[in-house]
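Each remark here refers to the structure printed beneath this line.
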Amino acid sequence: MKHTLTPQRYLILLAVMLTASVGDTLLSYGMTQVGPVTLAHLGLLLAAIRNPWVITGILCLLGFFASYLTALSWADLTFVLPATAFGYVVVAFLAKYWQHETITVYRWVGILLIVCGVGFVANGPSLTLHESHPVPEEPAPAGEGAGTGGTR
Amino acid sequence: MIHAGHIYAGTIETWAAILTVAATAVAGDVLTAGAMRRIGDLDLIRAKSGLGGAVRAVASSPMFLLGVLSMAASFFSLLFTLSNVELSLAAPASASLTFLGNAFAAKIFLKENVNRRRWLAALFVCAGVFLLAK
């Protein structure tokens with residue numbers, strides 16, 4: 001039994017990917033404007049939360065948490081987590097094209113691996129269905145194809 | 001300031017600190033995911049009792065609160081780890097271990113069907129995150 005997602009739910013997963021990475025990048029950009037915060041200058045944190053970049057970053061991260069929790073309410077943790085990892089790829093691209101940082105070969109390989117990882121789960125079922133059955137020793141349904149290949 | 005190439009903690013302390021960060025992060029993720037599974041589809045709850053109802057359903061779940069507490073513990077243990085271990089090791093190692101640990105924990109505690117695809121995804125993402133943060 002394939003548990004597929006509606007377009008609206010794919011949008012929530014897209015929000016999970018984008019809000020975390022954009023939020024982190026905005027926070028990082030805002031904090032470079034605020035300057036280094038040390039224990040001796042904790043007052044700078046107050047200045048930080050008045051910085052528009054930091055405020056927008058915090059709003060994005062709140063949006064991330066809301067969409068992450070929503071996704072977890074209808075999809076497995078092992079389905080949603082690779083989507084959150086895709087955020088690292090978005091951060092790398094934002095760093096390259098917005099902050100003009102260089103991306104090393106290691107990073108390109110890392111990006112490729114994460115993209116492959118997300119591709120593996122995105123094609124499979126999003127939710128393990130076993131509610132109302134207290135996990136019987138049910139053999140894996142044969143008709144589910146490669147997606148449910150070994151459970152170990 | 002920590003200078004590059006200068007690790008203050010020994011090998012065992014370093015890995016104990018990194019494992020603590022990963023273990024608390026996994027606990028946070030699994031507890032939060034378990035709480036959301038118990039609460040049920042947030043889209044349906046929101047349709048029935050509005051955004052406020054959904055927020056109340058989440059915030060009143062002890063399992064969710066425990067998950068958030070674990071995430072906070074993970075954050076602070078990461079801060080502690082970063083004061084003793086190089087960032088270029090601590091951040092990718094703990095993030096990668098968290099991804100692998102989550103696959104195991106989701107299978108054991110959440111009884112998720114972690115099939116071959118998902119194991120491969122966990123391994124690829126784990127390796128990818130490590131390389132990305134290098």
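Chains: A, B, ... in order of the structure tokens. Residues: from 1 per chain. Ligands: from 1, in order shown.
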DSSP on the backbone, alpha helix (DSSP H) only: what residues of chain A does that give? Format it as JSON, numbers by chain. {"A": [7, 8, 9, 10, 11, 12, 13, 14, 15, 16, 17, 18, 19, 20, 21, 22, 23, 24, 25, 26, 27, 28, 29, 30, 31, 32, 33, 34, 44, 45, 46, 47, 48, 52, 53, 54, 55, 56, 57, 58, 59, 60, 61, 62, 63, 64, 65, 66, 67, 68, 69, 70, 71, 72, 73, 74, 77, 78, 79, 80, 81, 82, 83, 84, 85, 86, 87, 88, 89, 90, 91, 92, 93, 94, 95, 96, 97, 105, 106, 107, 108, 109, 110, 111, 112, 113, 114, 115, 116, 117, 118, 119, 120, 121, 122]}
Check which residues of chain A sit at most 9 Å from chain B using only C-alpha atoms, and return one row each with the closest pair of atoms and their distance in Å to one decimal, ordered by chain and rising number, as CSV.
residue,atom,partner,partner_atom,distance
A:Leu69,CA,B:Met36,CA,6.9
A:Thr70,CA,B:Leu42,CA,5.7
A:Ala71,CA,B:Leu42,CA,8.5
A:Leu72,CA,B:Ala33,CA,5.7
A:Ser73,CA,B:Met36,CA,4.7
A:Trp74,CA,B:Asp41,CA,5.5
A:Ala75,CA,B:Arg37,CA,8.6
A:Asp76,CA,B:Glu112,CA,6.8
A:Leu77,CA,B:Ala33,CA,6.2
A:Thr78,CA,B:Ala103,CA,6.1
A:Phe79,CA,B:Arg118,CA,7.6
A:Leu81,CA,B:Phe99,CA,7.7
A:Pro82,CA,B:Val125,CA,6.8
A:Ala85,CA,B:Val125,CA,7.0
A:Phe86,CA,B:Val125,CA,8.7
A:Tyr88,CA,B:Val129,CA,7.5
A:Val89,CA,B:Leu132,CA,8.3
A:Ala92,CA,B:Leu132,CA,8.2
A:Thr104,CA,B:Leu132,CA,8.9
A:Tyr106,CA,B:Leu131,CA,5.5
A:Arg107,CA,B:Leu132,CA,4.4
A:Trp108,CA,B:Leu132,CA,7.6
A:Val109,CA,B:Gly128,CA,7.1
A:Gly110,CA,B:Gly128,CA,3.7
A:Ile111,CA,B:Gly128,CA,6.2
A:Leu112,CA,B:Gly128,CA,7.4
A:Leu113,CA,B:Gly128,CA,5.0
A:Ile114,CA,B:Val125,CA,4.6
A:Val115,CA,B:Val125,CA,8.1
A:Cys116,CA,B:Phe124,CA,7.1
A:Gly117,CA,B:Ala121,CA,3.9
A:Val118,CA,B:Ala121,CA,6.4
A:Gly119,CA,B:Ala121,CA,7.9
A:Phe120,CA,B:Arg117,CA,5.4
A:Val121,CA,B:Arg118,CA,5.8
A:Asn123,CA,B:Arg117,CA,8.9
A:Gly124,CA,B:Arg117,CA,7.5
A:Leu127,CA,B:Glu112,CA,7.9
A:Thr128,CA,B:Glu112,CA,5.6
A:Leu129,CA,B:Glu112,CA,8.6
A:His130,CA,B:Lys111,CA,8.6
A:Val135,CA,B:Lys111,CA,8.2
A:Ala146,CA,B:Arg117,CA,8.2
A:Gly147,CA,B:Arg117,CA,6.4
A:Thr148,CA,B:Asn115,CA,5.3
A:Gly149,CA,B:Arg116,CA,5.9
A:Gly150,CA,B:Asn115,CA,5.7
A:Thr151,CA,B:Asn115,CA,4.4
A:Arg152,CA,B:Asn115,CA,6.5
For atom CA of Gly30 of chain A and atom CA of Leu82 of chain B, the interatomic separation in Å (one decimal): 21.7 Å
As a ChimeraX atom specification, please: the residues near segment 6-12 of chain A (cut-off 6 Å, only C-alpha atoms, same-chain neighbours under 2 positions excluded). /A:14-15,67
Those same residues, written as a PDB file, in the first residue's frame with N, CA and C atoms?
ATOM      1  N   LEU A  14       8.764  21.325   1.018  1.00  0.00           N
ATOM      2  CA  LEU A  14       9.591  22.360   0.391  1.00  0.00           C
ATOM      3  C   LEU A  14       9.860  23.478   1.400  1.00  0.00           C
ATOM      4  N   ALA A  15       8.807  23.806   2.191  1.00  0.00           N
ATOM      5  CA  ALA A  15       8.980  24.835   3.219  1.00  0.00           C
ATOM      6  C   ALA A  15       9.999  24.370   4.258  1.00  0.00           C
ATOM      7  N   SER A  67       6.488  23.954  10.062  1.00  0.00           N
ATOM      8  CA  SER A  67       6.291  23.049   8.917  1.00  0.00           C
ATOM      9  C   SER A  67       6.917  21.680   9.197  1.00  0.00           C
TER      10      SER A  67
END
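Atom pair atom CA of Gln99 of chain A / atom CA of Thr32 of chain A: separated by 11.6 Å.
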For segment 58-62 of chain A, work out the shell of residues within 10 Å, counting only C-alpha atoms and skipping chain neighbours fewer than 6 positions away, then give it as a list of chain:residue names.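 Here the qualifying residues turn out to be A:Ala15, A:Val16, A:Leu18, A:Thr19, A:Ala20, A:Ser21, A:Val22, A:Gly23, A:Asp24, A:Leu26, A:Leu27, A:Ile49, A:Pro52, A:Tyr68.
If you count only C-alpha atoms and ignore residues fewer than 5 places along the chain from Val34 of chain A, what sits within 12 Å of it is Leu27, Ser28, Tyr29, His41, Leu42, Gly43, Leu44, Leu45, Leu46, Ala47, Ala48, Ile49, Arg50, Asn51, Pro52, Trp53 and Val54 of chain A.
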Based on the selection just made, write C-alpha atoms of those residues as a PDB file, in the first residue's frame.
ATOM      1  CA  LEU A  27      20.767  34.984  10.782  1.00  0.00           C
ATOM      2  CA  SER A  28      24.382  34.571   9.716  1.00  0.00           C
ATOM      3  CA  TYR A  29      24.205  37.703   7.532  1.00  0.00           C
ATOM      4  CA  HIS A  41      29.045  42.322  25.623  1.00  0.00           C
ATOM      5  CA  LEU A  42      25.786  40.425  26.039  1.00  0.00           C
ATOM      6  CA  GLY A  43      23.928  43.675  25.402  1.00  0.00           C
ATOM      7  CA  LEU A  44      24.766  43.197  21.744  1.00  0.00           C
ATOM      8  CA  LEU A  45      22.177  40.398  21.688  1.00  0.00           C
ATOM      9  CA  LEU A  46      19.518  43.076  22.219  1.00  0.00           C
ATOM     10  CA  ALA A  47      20.887  44.931  19.218  1.00  0.00           C
ATOM     11  CA  ALA A  48      20.815  41.633  17.313  1.00  0.00           C
ATOM     12  CA  ILE A  49      17.100  41.085  17.846  1.00  0.00           C
ATOM     13  CA  ARG A  50      16.435  44.573  16.452  1.00  0.00           C
ATOM     14  CA  ASN A  51      18.341  43.815  13.261  1.00  0.00           C
ATOM     15  CA  PRO A  52      15.857  43.268  10.390  1.00  0.00           C
ATOM     16  CA  TRP A  53      17.930  40.387   8.930  1.00  0.00           C
ATOM     17  CA  VAL A  54      17.989  38.630  12.297  1.00  0.00           C
TER      18      VAL A  54
END
Among the residues A:Met31, A:Ile103, A:Ala83, A:Val90, the one that comes closest to Gly57 of chain A [using only C-alpha atoms]: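 Distance minimum relative to Gly57 of chain A lands on A:Met31.
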Suppose you want the space between atom CA of Gly52 of chain B and atom CA of Ser74 of chain B; what is it in Å?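 So the two atoms, atom CA of Gly52 of chain B and atom CA of Ser74 of chain B, lie 28.4 Å apart.
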Which of A:Val80, A:Leu94, A:Val105, A:Ala122 sits closest to Met17 of chain A [using only C-alpha atoms]: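 Nearest candidate to Met17 of chain A out of A:Val80, A:Leu94, A:Val105, A:Ala122: A:Val80.
Closest approach to Ala93 of chain B among B:Leu78, B:Leu65, B:Leu51, B:Ile45 is made by B:Leu78 (distances from only C-alpha atoms).
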Compile the contact shell of Thr98 of chain B as a list in words: residues with an atom at most 7 Å away, counting only C-alpha atoms, same-chain residues fewer than 3 positions apart removed.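 Here the qualifying residues turn out to be Ala22, Ala25, Val26, Ser94, Ala95, Gly101 and Asn102 of chain B.
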